[in-house]
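Participant: Just one file: work.cif, with mmCIF, C-alpha atoms and all ligand atoms.
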data_data
loop_
_atom_site.group_PDB
_atom_site.id
_atom_site.type_symbol
_atom_site.label_atom_id
_atom_site.label_comp_id
_atom_site.auth_asym_id
_atom_site.auth_seq_id
_atom_site.Cartn_x
_atom_site.Cartn_y
_atom_site.Cartn_z
ATOM 1 C CA MET A 1 51.287 -38.730 -28.291
ATOM 2 C CA LYS A 2 55.010 -39.240 -28.976
ATOM 3 C CA ARG A 3 56.969 -35.995 -29.263
ATOM 4 C CA ALA A 4 59.975 -35.220 -31.457
ATOM 5 C CA MET A 5 62.132 -32.100 -31.538
ATOM 6 C CA ILE A 6 64.175 -31.241 -34.628
ATOM 7 C CA ILE A 7 67.189 -29.035 -33.867
ATOM 8 C CA ILE A 8 68.339 -27.531 -37.127
ATOM 9 C CA ASN A 9 71.385 -25.354 -37.811
ATOM 10 C CA PRO A 10 70.507 -23.293 -40.912
ATOM 11 C CA THR A 11 74.186 -22.504 -41.547
ATOM 12 C CA SER A 12 75.467 -26.106 -41.550
ATOM 13 C CA GLY A 13 77.147 -27.521 -44.625
ATOM 14 C CA LYS A 14 76.015 -25.745 -47.742
ATOM 15 C CA GLU A 15 73.284 -23.862 -45.848
ATOM 16 C CA GLU A 16 70.723 -26.327 -47.147
ATOM 17 C CA ALA A 17 69.581 -27.538 -43.733
ATOM 18 C CA ILE A 18 66.280 -25.711 -43.861
ATOM 19 C CA HIS A 19 65.229 -27.539 -47.073
ATOM 20 C CA TYR A 20 65.215 -30.816 -45.212
ATOM 21 C CA THR A 21 63.005 -29.656 -42.347
ATOM 22 C CA ASP A 22 59.711 -30.208 -44.198
ATOM 23 C CA GLN A 23 60.725 -33.679 -45.349
ATOM 24 C CA ALA A 24 61.767 -34.713 -41.838
ATOM 25 C CA THR A 25 58.641 -33.188 -40.247
ATOM 26 C CA ASN A 26 56.274 -34.951 -42.654
ATOM 27 C CA LEU A 27 57.918 -38.285 -42.078
ATOM 28 C CA LEU A 28 57.825 -37.890 -38.292
ATOM 29 C CA LYS A 29 54.156 -36.865 -38.382
ATOM 30 C CA ALA A 30 53.404 -39.971 -40.439
ATOM 31 C CA GLU A 31 55.148 -41.971 -37.686
ATOM 32 C CA GLY A 32 52.744 -40.463 -35.132
ATOM 33 C CA TYR A 33 54.947 -37.763 -33.608
ATOM 34 C CA TYR A 34 53.989 -34.281 -32.534
ATOM 35 C CA VAL A 35 56.912 -32.287 -33.990
ATOM 36 C CA THR A 36 58.622 -29.169 -32.631
ATOM 37 C CA ILE A 37 61.197 -27.434 -34.855
ATOM 38 C CA LYS A 38 63.968 -25.385 -33.264
ATOM 39 C CA GLU A 39 66.262 -23.395 -35.522
ATOM 40 C CA THR A 40 69.608 -22.347 -34.010
ATOM 41 C CA GLN A 41 70.552 -18.685 -34.291
ATOM 42 C CA LYS A 42 73.904 -18.770 -32.539
ATOM 43 C CA GLU A 43 76.433 -20.864 -30.609
ATOM 44 C CA PHE A 44 74.976 -23.015 -27.777
ATOM 45 C CA ASP A 45 71.334 -22.639 -28.885
ATOM 46 C CA ALA A 46 71.366 -26.382 -29.647
ATOM 47 C CA THR A 47 72.434 -27.085 -26.036
ATOM 48 C CA LEU A 48 69.534 -25.037 -24.651
ATOM 49 C CA PHE A 49 67.036 -26.704 -27.005
ATOM 50 C CA CYS A 50 68.275 -30.153 -26.024
ATOM 51 C CA GLU A 51 67.982 -29.274 -22.310
ATOM 52 C CA GLU A 52 64.368 -28.305 -22.976
ATOM 53 C CA ALA A 53 63.728 -31.609 -24.794
ATOM 54 C CA CYS A 54 65.221 -33.554 -21.847
ATOM 55 C CA ASN A 55 63.305 -31.604 -19.192
ATOM 56 C CA GLU A 56 60.051 -31.997 -21.095
ATOM 57 C CA GLU A 57 60.755 -35.694 -21.694
ATOM 58 C CA TYR A 58 60.627 -35.692 -25.489
ATOM 59 C CA ASP A 59 60.829 -39.152 -27.069
ATOM 60 C CA LEU A 60 63.043 -38.227 -30.020
ATOM 61 C CA LEU A 61 65.602 -35.518 -30.687
ATOM 62 C CA VAL A 62 66.788 -34.956 -34.256
ATOM 63 C CA SER A 63 70.079 -33.096 -34.758
ATOM 64 C CA ALA A 64 70.195 -31.665 -38.290
ATOM 65 C CA GLY A 65 73.597 -30.095 -38.839
ATOM 66 C CA GLY A 66 77.294 -30.871 -38.715
ATOM 67 C CA ASP A 67 79.342 -32.426 -35.907
ATOM 68 C CA GLY A 68 79.500 -28.972 -34.266
ATOM 69 C CA THR A 69 75.714 -28.874 -33.933
ATOM 70 C CA LEU A 70 75.660 -32.456 -32.677
ATOM 71 C CA HIS A 71 78.344 -31.671 -30.085
ATOM 72 C CA GLU A 72 76.330 -28.716 -28.789
ATOM 73 C CA THR A 73 73.127 -30.787 -28.814
ATOM 74 C CA ILE A 74 74.646 -33.632 -26.783
ATOM 75 C CA ASN A 75 75.874 -31.157 -24.182
ATOM 76 C CA GLY A 76 72.249 -30.391 -23.354
ATOM 77 C CA MET A 77 72.128 -33.942 -21.899
ATOM 78 C CA LEU A 78 74.927 -33.263 -19.383
ATOM 79 C CA ASN A 79 72.742 -33.232 -16.263
ATOM 80 C CA SER A 80 69.603 -34.905 -17.541
ATOM 81 C CA THR A 81 68.092 -38.136 -16.278
ATOM 82 C CA HIS A 82 65.705 -38.394 -19.244
ATOM 83 C CA ARG A 83 67.577 -38.587 -22.544
ATOM 84 C CA PRO A 84 65.485 -38.700 -25.742
ATOM 85 C CA THR A 85 66.498 -41.131 -28.475
ATOM 86 C CA LEU A 86 68.850 -39.280 -30.833
ATOM 87 C CA ALA A 87 68.555 -39.140 -34.618
ATOM 88 C CA VAL A 88 71.107 -37.464 -36.869
ATOM 89 C CA ILE A 89 70.677 -35.787 -40.244
ATOM 90 C CA PRO A 90 74.298 -35.149 -41.234
ATOM 91 C CA LEU A 91 74.690 -31.794 -42.979
ATOM 92 C CA GLY A 92 78.305 -30.945 -42.088
ATOM 93 C CA THR A 93 81.513 -31.364 -44.022
ATOM 94 C CA VAL A 94 82.883 -34.303 -42.013
ATOM 95 C CA ASN A 95 80.045 -36.008 -40.071
ATOM 96 C CA ASP A 96 82.209 -38.417 -38.060
ATOM 97 C CA PHE A 97 79.409 -39.574 -35.743
ATOM 98 C CA ALA A 98 77.107 -40.472 -38.673
ATOM 99 C CA ARG A 99 79.986 -42.302 -40.387
ATOM 100 C CA ALA A 100 80.678 -44.348 -37.263
ATOM 101 C CA LEU A 101 77.009 -45.361 -36.969
ATOM 102 C CA HIS A 102 76.581 -46.042 -40.710
ATOM 103 C CA ILE A 103 73.883 -43.379 -40.926
ATOM 104 C CA PRO A 104 73.706 -42.373 -44.614
ATOM 105 C CA LEU A 105 75.713 -39.228 -45.365
ATOM 106 C CA ASN A 106 73.121 -38.290 -47.974
ATOM 107 C CA PRO A 107 70.617 -36.170 -45.984
ATOM 108 C CA GLU A 108 67.561 -37.446 -47.903
ATOM 109 C CA LYS A 109 68.541 -41.038 -47.131
ATOM 110 C CA ALA A 110 69.360 -40.140 -43.515
ATOM 111 C CA ILE A 111 65.853 -38.680 -43.141
ATOM 112 C CA GLN A 112 64.422 -42.120 -44.034
ATOM 113 C CA THR A 113 66.125 -43.395 -40.868
ATOM 114 C CA LEU A 114 63.528 -41.405 -38.887
ATOM 115 C CA SER A 115 61.006 -44.163 -39.599
ATOM 116 C CA SER A 116 63.421 -46.916 -38.520
ATOM 117 C CA LYS A 117 62.574 -49.071 -35.502
ATOM 118 C CA HIS A 118 66.228 -49.858 -34.828
ATOM 119 C CA THR A 119 68.363 -48.097 -32.231
ATOM 120 C CA ARG A 120 71.925 -48.568 -31.103
ATOM 121 C CA LYS A 121 73.503 -47.576 -27.798
ATOM 122 C CA ALA A 122 76.406 -45.169 -28.045
ATOM 123 C CA ASP A 123 79.147 -44.335 -25.557
ATOM 124 C CA ILE A 124 79.659 -40.669 -24.810
ATOM 125 C CA GLY A 125 82.801 -39.008 -23.463
ATOM 126 C CA LYS A 126 82.967 -36.558 -20.578
ATOM 127 C CA ILE A 127 85.786 -34.002 -20.514
ATOM 128 C CA ASN A 128 85.961 -31.919 -17.344
ATOM 129 C CA ASP A 129 82.412 -30.498 -17.135
ATOM 130 C CA SER A 130 81.209 -31.108 -20.685
ATOM 131 C CA LEU A 131 80.447 -33.980 -23.054
ATOM 132 C CA PHE A 132 81.952 -34.994 -26.391
ATOM 133 C CA ILE A 133 80.700 -37.342 -29.070
ATOM 134 C CA ASN A 134 83.749 -38.223 -31.054
ATOM 135 C CA VAL A 135 87.276 -37.127 -30.241
ATOM 136 C CA VAL A 136 89.516 -35.122 -27.938
ATOM 137 C CA ALA A 137 92.975 -34.128 -29.155
ATOM 138 C CA ALA A 138 95.724 -32.167 -27.431
ATOM 139 C CA GLY A 139 99.183 -30.966 -28.410
ATOM 140 C CA LYS A 140 100.804 -28.667 -30.954
ATOM 141 C CA LEU A 141 99.519 -30.706 -33.901
ATOM 142 C CA ALA A 142 95.932 -30.491 -32.589
ATOM 143 C CA GLU A 143 96.383 -26.719 -32.217
ATOM 144 C CA SER A 144 97.625 -26.278 -35.756
ATOM 145 C CA LEU A 145 94.898 -28.543 -37.185
ATOM 146 C CA SER A 146 92.301 -26.295 -35.500
ATOM 147 C CA GLU A 147 93.576 -23.514 -37.756
ATOM 148 C CA VAL A 148 93.064 -25.466 -40.987
ATOM 149 C CA PRO A 149 89.611 -24.535 -42.374
ATOM 150 C CA SER A 150 87.162 -27.404 -42.081
ATOM 151 C CA GLU A 151 86.384 -27.331 -45.832
ATOM 152 C CA SER A 152 89.994 -28.431 -46.382
ATOM 153 C CA LYS A 153 89.246 -31.726 -44.661
ATOM 154 C CA SER A 154 86.762 -32.761 -47.313
ATOM 155 C CA LYS A 155 88.446 -30.944 -50.198
ATOM 156 C CA LEU A 156 92.023 -32.086 -49.570
ATOM 157 C CA GLY A 157 91.486 -35.457 -47.958
ATOM 158 C CA PHE A 158 92.876 -36.563 -44.626
ATOM 159 C CA PHE A 159 96.611 -36.694 -45.407
ATOM 160 C CA ALA A 160 96.707 -33.365 -47.193
ATOM 161 C CA TYR A 161 94.803 -31.936 -44.225
ATOM 162 C CA LEU A 162 97.410 -33.368 -41.856
ATOM 163 C CA LYS A 163 100.178 -31.901 -44.016
ATOM 164 C CA GLU A 164 98.495 -28.484 -43.872
ATOM 165 C CA GLY A 165 98.471 -28.740 -40.087
ATOM 166 C CA ILE A 166 102.117 -29.816 -39.960
ATOM 167 C CA LYS A 167 103.142 -26.907 -42.214
ATOM 168 C CA THR A 168 101.938 -24.413 -39.632
ATOM 169 C CA LEU A 169 103.921 -26.071 -36.839
ATOM 170 C CA SER A 170 107.019 -24.106 -35.986
ATOM 171 C CA GLY A 171 109.922 -24.445 -33.553
ATOM 172 C CA GLN A 172 109.632 -27.000 -30.802
ATOM 173 C CA ALA A 173 106.575 -29.023 -31.782
ATOM 174 C CA ALA A 174 106.522 -31.545 -28.936
ATOM 175 C CA SER A 175 105.076 -30.698 -25.523
ATOM 176 C CA PRO A 176 105.854 -32.480 -22.260
ATOM 177 C CA MET A 177 102.801 -34.537 -21.328
ATOM 178 C CA LYS A 178 101.821 -36.917 -18.581
ATOM 179 C CA VAL A 179 98.927 -39.208 -19.354
ATOM 180 C CA THR A 180 97.500 -41.178 -16.433
ATOM 181 C CA TYR A 181 94.911 -43.771 -17.404
ATOM 182 C CA ASP A 182 93.043 -46.496 -15.529
ATOM 183 C CA GLU A 183 95.880 -48.351 -13.737
ATOM 184 C CA ASP A 184 98.762 -47.058 -15.865
ATOM 185 C CA SER A 185 100.571 -43.941 -17.083
ATOM 186 C CA TRP A 186 102.847 -42.575 -19.836
ATOM 187 C CA GLU A 187 105.141 -39.571 -19.628
ATOM 188 C CA GLY A 188 107.260 -37.874 -22.289
ATOM 189 C CA ASP A 189 107.257 -35.367 -25.150
ATOM 190 C CA ALA A 190 104.420 -35.615 -27.652
ATOM 191 C CA ILE A 191 103.061 -33.664 -30.590
ATOM 192 C CA LEU A 192 99.595 -35.141 -30.289
ATOM 193 C CA PHE A 193 97.367 -36.954 -27.830
ATOM 194 C CA VAL A 194 94.120 -38.349 -29.253
ATOM 195 C CA ALA A 195 91.240 -40.068 -27.444
ATOM 196 C CA ALA A 196 88.611 -41.350 -29.886
ATOM 197 C CA LEU A 197 85.200 -42.879 -29.200
ATOM 198 C CA THR A 198 84.675 -44.036 -32.780
ATOM 199 C CA ASN A 199 86.715 -45.228 -35.735
ATOM 200 C CA SER A 200 86.038 -42.031 -37.709
ATOM 201 C CA VAL A 201 88.195 -39.012 -36.899
ATOM 202 C CA GLY A 202 88.204 -36.020 -39.233
ATOM 203 C CA GLY A 203 86.379 -38.140 -41.815
ATOM 204 C CA PHE A 204 89.237 -40.669 -41.823
ATOM 205 C CA GLU A 205 87.945 -44.070 -40.773
ATOM 206 C CA GLN A 206 91.250 -45.867 -40.161
ATOM 207 C CA LEU A 207 92.695 -43.933 -37.221
ATOM 208 C CA ALA A 208 91.189 -46.276 -34.658
ATOM 209 C CA PRO A 209 89.817 -49.058 -36.883
ATOM 210 C CA GLY A 210 88.887 -51.248 -33.908
ATOM 211 C CA ALA A 211 86.889 -48.559 -32.127
ATOM 212 C CA LYS A 212 83.173 -49.255 -31.884
ATOM 213 C CA ILE A 213 80.695 -46.656 -30.693
ATOM 214 C CA ASP A 214 79.505 -48.979 -27.904
ATOM 215 C CA ASP A 215 82.658 -50.891 -26.913
ATOM 216 C CA GLY A 216 83.064 -49.133 -23.569
ATOM 217 C CA PHE A 217 86.536 -47.755 -24.286
ATOM 218 C CA LEU A 218 88.311 -44.573 -25.307
ATOM 219 C CA HIS A 219 90.873 -45.472 -27.980
ATOM 220 C CA CYS A 220 93.966 -43.383 -27.330
ATOM 221 C CA TYR A 221 97.165 -42.582 -29.203
ATOM 222 C CA VAL A 222 100.136 -40.499 -28.082
ATOM 223 C CA ILE A 223 102.250 -39.489 -31.085
ATOM 224 C CA LYS A 224 105.727 -38.891 -29.824
ATOM 225 C CA ASP A 225 107.642 -37.101 -32.549
ATOM 226 C CA LEU A 226 107.103 -35.087 -35.645
ATOM 227 C CA ASN A 227 109.781 -36.737 -37.784
ATOM 228 C CA TRP A 228 107.564 -39.751 -37.892
ATOM 229 C CA PHE A 229 104.964 -37.751 -39.784
ATOM 230 C CA ASN A 230 107.474 -36.853 -42.462
ATOM 231 C CA THR A 231 108.287 -40.424 -43.324
ATOM 232 C CA ALA A 232 106.428 -42.999 -45.329
ATOM 233 C CA VAL A 233 105.621 -44.725 -42.042
ATOM 234 C CA VAL A 234 102.624 -42.461 -41.632
ATOM 235 C CA GLY A 235 101.152 -43.716 -44.869
ATOM 236 C CA THR A 236 101.637 -47.368 -44.148
ATOM 237 C CA SER A 237 100.711 -47.361 -40.446
ATOM 238 C CA LEU A 238 97.736 -45.071 -40.752
ATOM 239 C CA LEU A 239 96.340 -46.480 -43.961
ATOM 240 C CA ALA A 240 96.710 -50.002 -42.648
ATOM 241 C CA GLY A 241 94.929 -48.936 -39.465
ATOM 242 C CA ASN A 242 98.032 -50.104 -37.646
ATOM 243 C CA LEU A 243 99.002 -47.125 -35.508
ATOM 244 C CA GLU A 244 99.349 -49.121 -32.311
ATOM 245 C CA ASN A 245 102.273 -51.102 -33.665
ATOM 246 C CA SER A 246 104.394 -48.063 -34.477
ATOM 247 C CA ARG A 247 107.264 -47.399 -32.072
ATOM 248 C CA HIS A 248 106.560 -43.689 -32.481
ATOM 249 C CA VAL A 249 103.141 -44.145 -30.980
ATOM 250 C CA HIS A 250 101.980 -45.105 -27.509
ATOM 251 C CA ALA A 251 98.547 -46.664 -27.954
ATOM 252 C CA PHE A 252 96.126 -47.775 -25.259
ATOM 253 C CA LYS A 253 92.428 -48.231 -24.428
ATOM 254 C CA ALA A 254 91.009 -46.780 -21.226
ATOM 255 C CA LYS A 255 87.869 -45.611 -19.438
ATOM 256 C CA ASN A 256 89.375 -42.787 -17.348
ATOM 257 C CA ILE A 257 92.256 -40.554 -18.431
ATOM 258 C CA TYR A 258 93.988 -37.538 -16.947
ATOM 259 C CA VAL A 259 96.271 -35.511 -19.250
ATOM 260 C CA GLU A 260 98.530 -32.772 -17.914
ATOM 261 C CA SER A 261 101.501 -30.707 -19.051
ATOM 262 C CA THR A 262 103.959 -28.277 -17.508
ATOM 263 C CA GLU A 263 103.417 -26.067 -20.583
ATOM 264 C CA GLU A 264 100.276 -24.404 -21.900
ATOM 265 C CA VAL A 265 98.707 -26.971 -24.233
ATOM 266 C CA THR A 266 95.276 -26.446 -25.770
ATOM 267 C CA THR A 267 92.842 -29.141 -26.807
ATOM 268 C CA ASN A 268 90.527 -29.726 -29.722
ATOM 269 C CA ILE A 269 87.172 -31.253 -28.790
ATOM 270 C CA ASP A 270 85.000 -32.760 -31.538
ATOM 271 C CA GLY A 271 86.876 -30.642 -34.088
ATOM 272 C CA GLU A 272 86.618 -27.297 -32.286
ATOM 273 C CA SER A 273 89.362 -25.561 -30.332
ATOM 274 C CA GLY A 274 88.767 -26.255 -26.632
ATOM 275 C CA LEU A 275 90.156 -25.801 -23.126
ATOM 276 C CA CYS A 276 93.783 -26.065 -21.967
ATOM 277 C CA LEU A 277 95.358 -29.024 -20.160
ATOM 278 C CA PRO A 278 94.887 -30.476 -17.609
ATOM 279 C CA ILE A 279 91.878 -32.503 -18.707
ATOM 280 C CA GLN A 280 90.001 -35.305 -17.012
ATOM 281 C CA ILE A 281 88.290 -37.581 -19.544
ATOM 282 C CA SER A 282 85.919 -40.381 -18.692
ATOM 283 C CA LEU A 283 83.722 -42.714 -20.674
ATOM 284 C CA LEU A 284 79.946 -42.847 -20.108
ATOM 285 C CA PRO A 285 79.114 -46.323 -21.441
ATOM 286 C CA SER A 286 75.997 -46.777 -23.639
ATOM 287 C CA HIS A 287 74.852 -43.342 -22.497
ATOM 288 C CA ILE A 288 72.499 -42.562 -25.366
ATOM 289 C CA SER A 289 70.278 -44.447 -27.800
ATOM 290 C CA VAL A 290 70.639 -43.547 -31.473
ATOM 291 C CA LEU A 291 68.195 -44.257 -34.286
ATOM 292 C CA ILE A 292 69.990 -46.233 -37.013
ATOM 293 C CA PRO A 293 68.882 -47.533 -40.423
ATOM 294 C CA GLU A 294 66.832 -50.763 -40.467
ATOM 295 C CA GLU A 295 69.506 -52.610 -42.452
ATOM 296 C CA GLU A 296 72.058 -52.001 -39.693
HETATM 297 N N1 LIG A 301 72.270 -19.475 -37.031
HETATM 298 C C1 LIG A 301 73.594 -19.661 -36.873
HETATM 299 N N2 LIG A 301 74.481 -18.808 -37.457
HETATM 300 C C2 LIG A 301 75.814 -19.003 -37.337
HETATM 301 N N3 LIG A 301 76.378 -20.023 -36.626
HETATM 302 C C3 LIG A 301 75.547 -20.890 -36.027
HETATM 303 C C4 LIG A 301 74.123 -20.759 -36.115
HETATM 304 N N4 LIG A 301 73.565 -21.775 -35.426
HETATM 305 C C5 LIG A 301 74.597 -22.511 -34.921
HETATM 306 N N5 LIG A 301 75.787 -21.986 -35.273
HETATM 307 C C6 LIG A 301 77.139 -22.482 -34.996
HETATM 308 O O1 LIG A 301 77.613 -23.159 -36.171
HETATM 309 C C7 LIG A 301 78.673 -24.046 -35.730
HETATM 310 C C8 LIG A 301 79.078 -25.024 -36.829
HETATM 311 O O2 LIG A 301 78.036 -25.830 -37.172
HETATM 312 P P1 LIG A 301 78.199 -27.323 -37.713
HETATM 313 O O3 LIG A 301 79.421 -27.983 -37.230
HETATM 314 O O4 LIG A 301 76.944 -28.008 -37.444
HETATM 315 O O5 LIG A 301 78.265 -27.109 -39.272
HETATM 316 P P2 LIG A 301 79.505 -27.141 -40.236
HETATM 317 O O6 LIG A 301 80.555 -26.217 -39.725
HETATM 318 O O7 LIG A 301 78.971 -26.914 -41.586
HETATM 319 O O8 LIG A 301 79.956 -28.644 -40.150
HETATM 320 P P3 LIG A 301 81.408 -29.279 -39.878
HETATM 321 O O9 LIG A 301 81.710 -29.023 -38.424
HETATM 322 O O10 LIG A 301 81.252 -30.711 -40.196
HETATM 323 O O11 LIG A 301 82.322 -28.560 -40.813
HETATM 324 C C9 LIG A 301 78.117 -24.618 -34.451
HETATM 325 O O12 LIG A 301 79.171 -24.906 -33.572
HETATM 326 C C10 LIG A 301 77.186 -23.504 -33.904
HETATM 327 O O13 LIG A 301 77.717 -22.885 -32.737
#
Starting from the coordinates I provided, produce the structure as structure tokens.
Facilitator:
Amino acid sequence: MKRAMIIINPTSGKEEAIHYTDQATNLLKAEGYYVTIKETQKEFDATLFCEEACNEEYDLLVSAGGDGTLHETINGMLNSTHRPTLAVIPLGTVNDFARALHIPLNPEKAIQTLSSKHTRKADIGKINDSLFINVVAAGKLAESLSEVPSESKSKLGFFAYLKEGIKTLSGQAASPMKVTYDEDSWEGDAILFVAALTNSVGGFEQLAPGAKIDDGFLHCYVIKDLNWFNTAVVGTSLLAGNLENSRHVHAFKAKNIYVESTEEVTTNIDGESGLCLPIQISLLPSHISVLIPEEE
């Protein structure tokens, strides 16, 4: 019999995750699955549950929660040879991964995807000894954005959220960075380094408009100076999805990246404050299979 595990974070979004468990379970049973439900109690429970699902060779793993839950879930696949097909019921405030895969943001509609026969391969990122599903950022702007409450992202919209982050920047905002990637490198002062796997970052789908979840590349931007953010250029370049043509931005695509600094610079990984530079990032092409709606 096919086996599915639902990993559910009861605190995600508006704490309504648990209401969707029955619906998802019934649908999976109708599809012929034996269903195990795992409710997270604390940080990293999702990682442990996913490790169990990999070791026991489950067929399907459903992550019901926000991007934080999904990030922890994926990290359970770090050392596994068997990786169950992944399904996502987005219950967070941003849900970048679901946006990138056109999984409905309405949880009831997303649950219908559990009966879909369609899957899509997705690239996954590796940063030092862990995995990420969406984005790695580093620099003073990434640090200050980590301090803006996540509700502000959906409530204020992307630009207001950026402005909130910029407001908390003080003094010297740029950090010296050296970015070595594939056969090339860039060195200078930057307020932000971003490596994105998908086109959706912080709920904004135009940062890396060309990025596809399975294109085999990390889409990277080094933003050199803060003044640029205070001008209208940000509106036109970002909204037009045209960051790479700005002279204030060094843009590139790569599969392997090493970022270092002579100062202490922290990172933000999939929206959560992470480790300090240096970081080694690499792309794991088509690493997982994700259940997507039939119409995709
Ligand atoms: N039972 C629990 N109580 C409190 N925190 C939990 C529990 N289970 C998991 N967590 C933690 O909750 C964090 C946030 O969850 P998640 O990102 O899924 O929801 P969210 O914050 O509502 O969504 P978003 O990140 O989109 O704002 C996870 O990183 C996880 O460590």
Participant: A:Glu295, A:Glu52, A:Glu39, A:Glu31: which is nearest ligand LIG 301 (chain A), counting only C-alpha atoms and all ligand atoms?
Facilitator: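 The answer is A:Glu39, which sits nearest to ligand LIG 301 (chain A).
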Participant: Using all atoms listed in the file for the distances, tell me which of A:Lys212, A:Lys109, A:His102, A:Lys224 is nearest to Ser175 of chain A.
Facilitator: A:Lys224
Participant: Any idea what the distance is between atom CA of Tyr258 of chain A and atom CA of Ala211 of chain A?
Facilitator: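 Distance reported for this atom pair: 20.1 Å.
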Participant: With only C-alpha atoms and all ligand atoms counted, collect every polymer residue having an atom within 6 Å of ligand LIG 301 (chain A); state the result as a VMD selection string.
Facilitator: chain A and resid 9 to 13 40 to 44 65 to 69 92 to 95 150
Participant: Can you translate the PyMOL selection byres (((chain A and resi 268) around 9) and not hetatm) into the concrete residues it hits in this file, as a PyMOL selection string?
Facilitator: chain A and resi 135-139+142-143+145-146+266-267+269-275
Participant: Can you tell me which residues surround Tyr20 of chain A at a distance of at most 9 Å, considering only C-alpha atoms, apart from same-chain residues fewer than 4 positions away, and format the answer as a PyMOL selection string?
Facilitator: chain A and resi 16+24-25+64+89+107-108+111
Participant: Atom CA of His219 of chain A and atom CA of Asn245 of chain A, how far apart in Å?
Facilitator: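 About the pair atom CA of Asn245 of chain A and atom CA of His219 of chain A: they are 13.9 Å apart.
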Participant: Take the point (93.1, -31.4, -18.4) as written in the file and pick out every residue within 7 Å of it, counting all atoms listed in the file; give the list as a PyMOL selection string.
Facilitator: chain A and resi 258-260+276-280
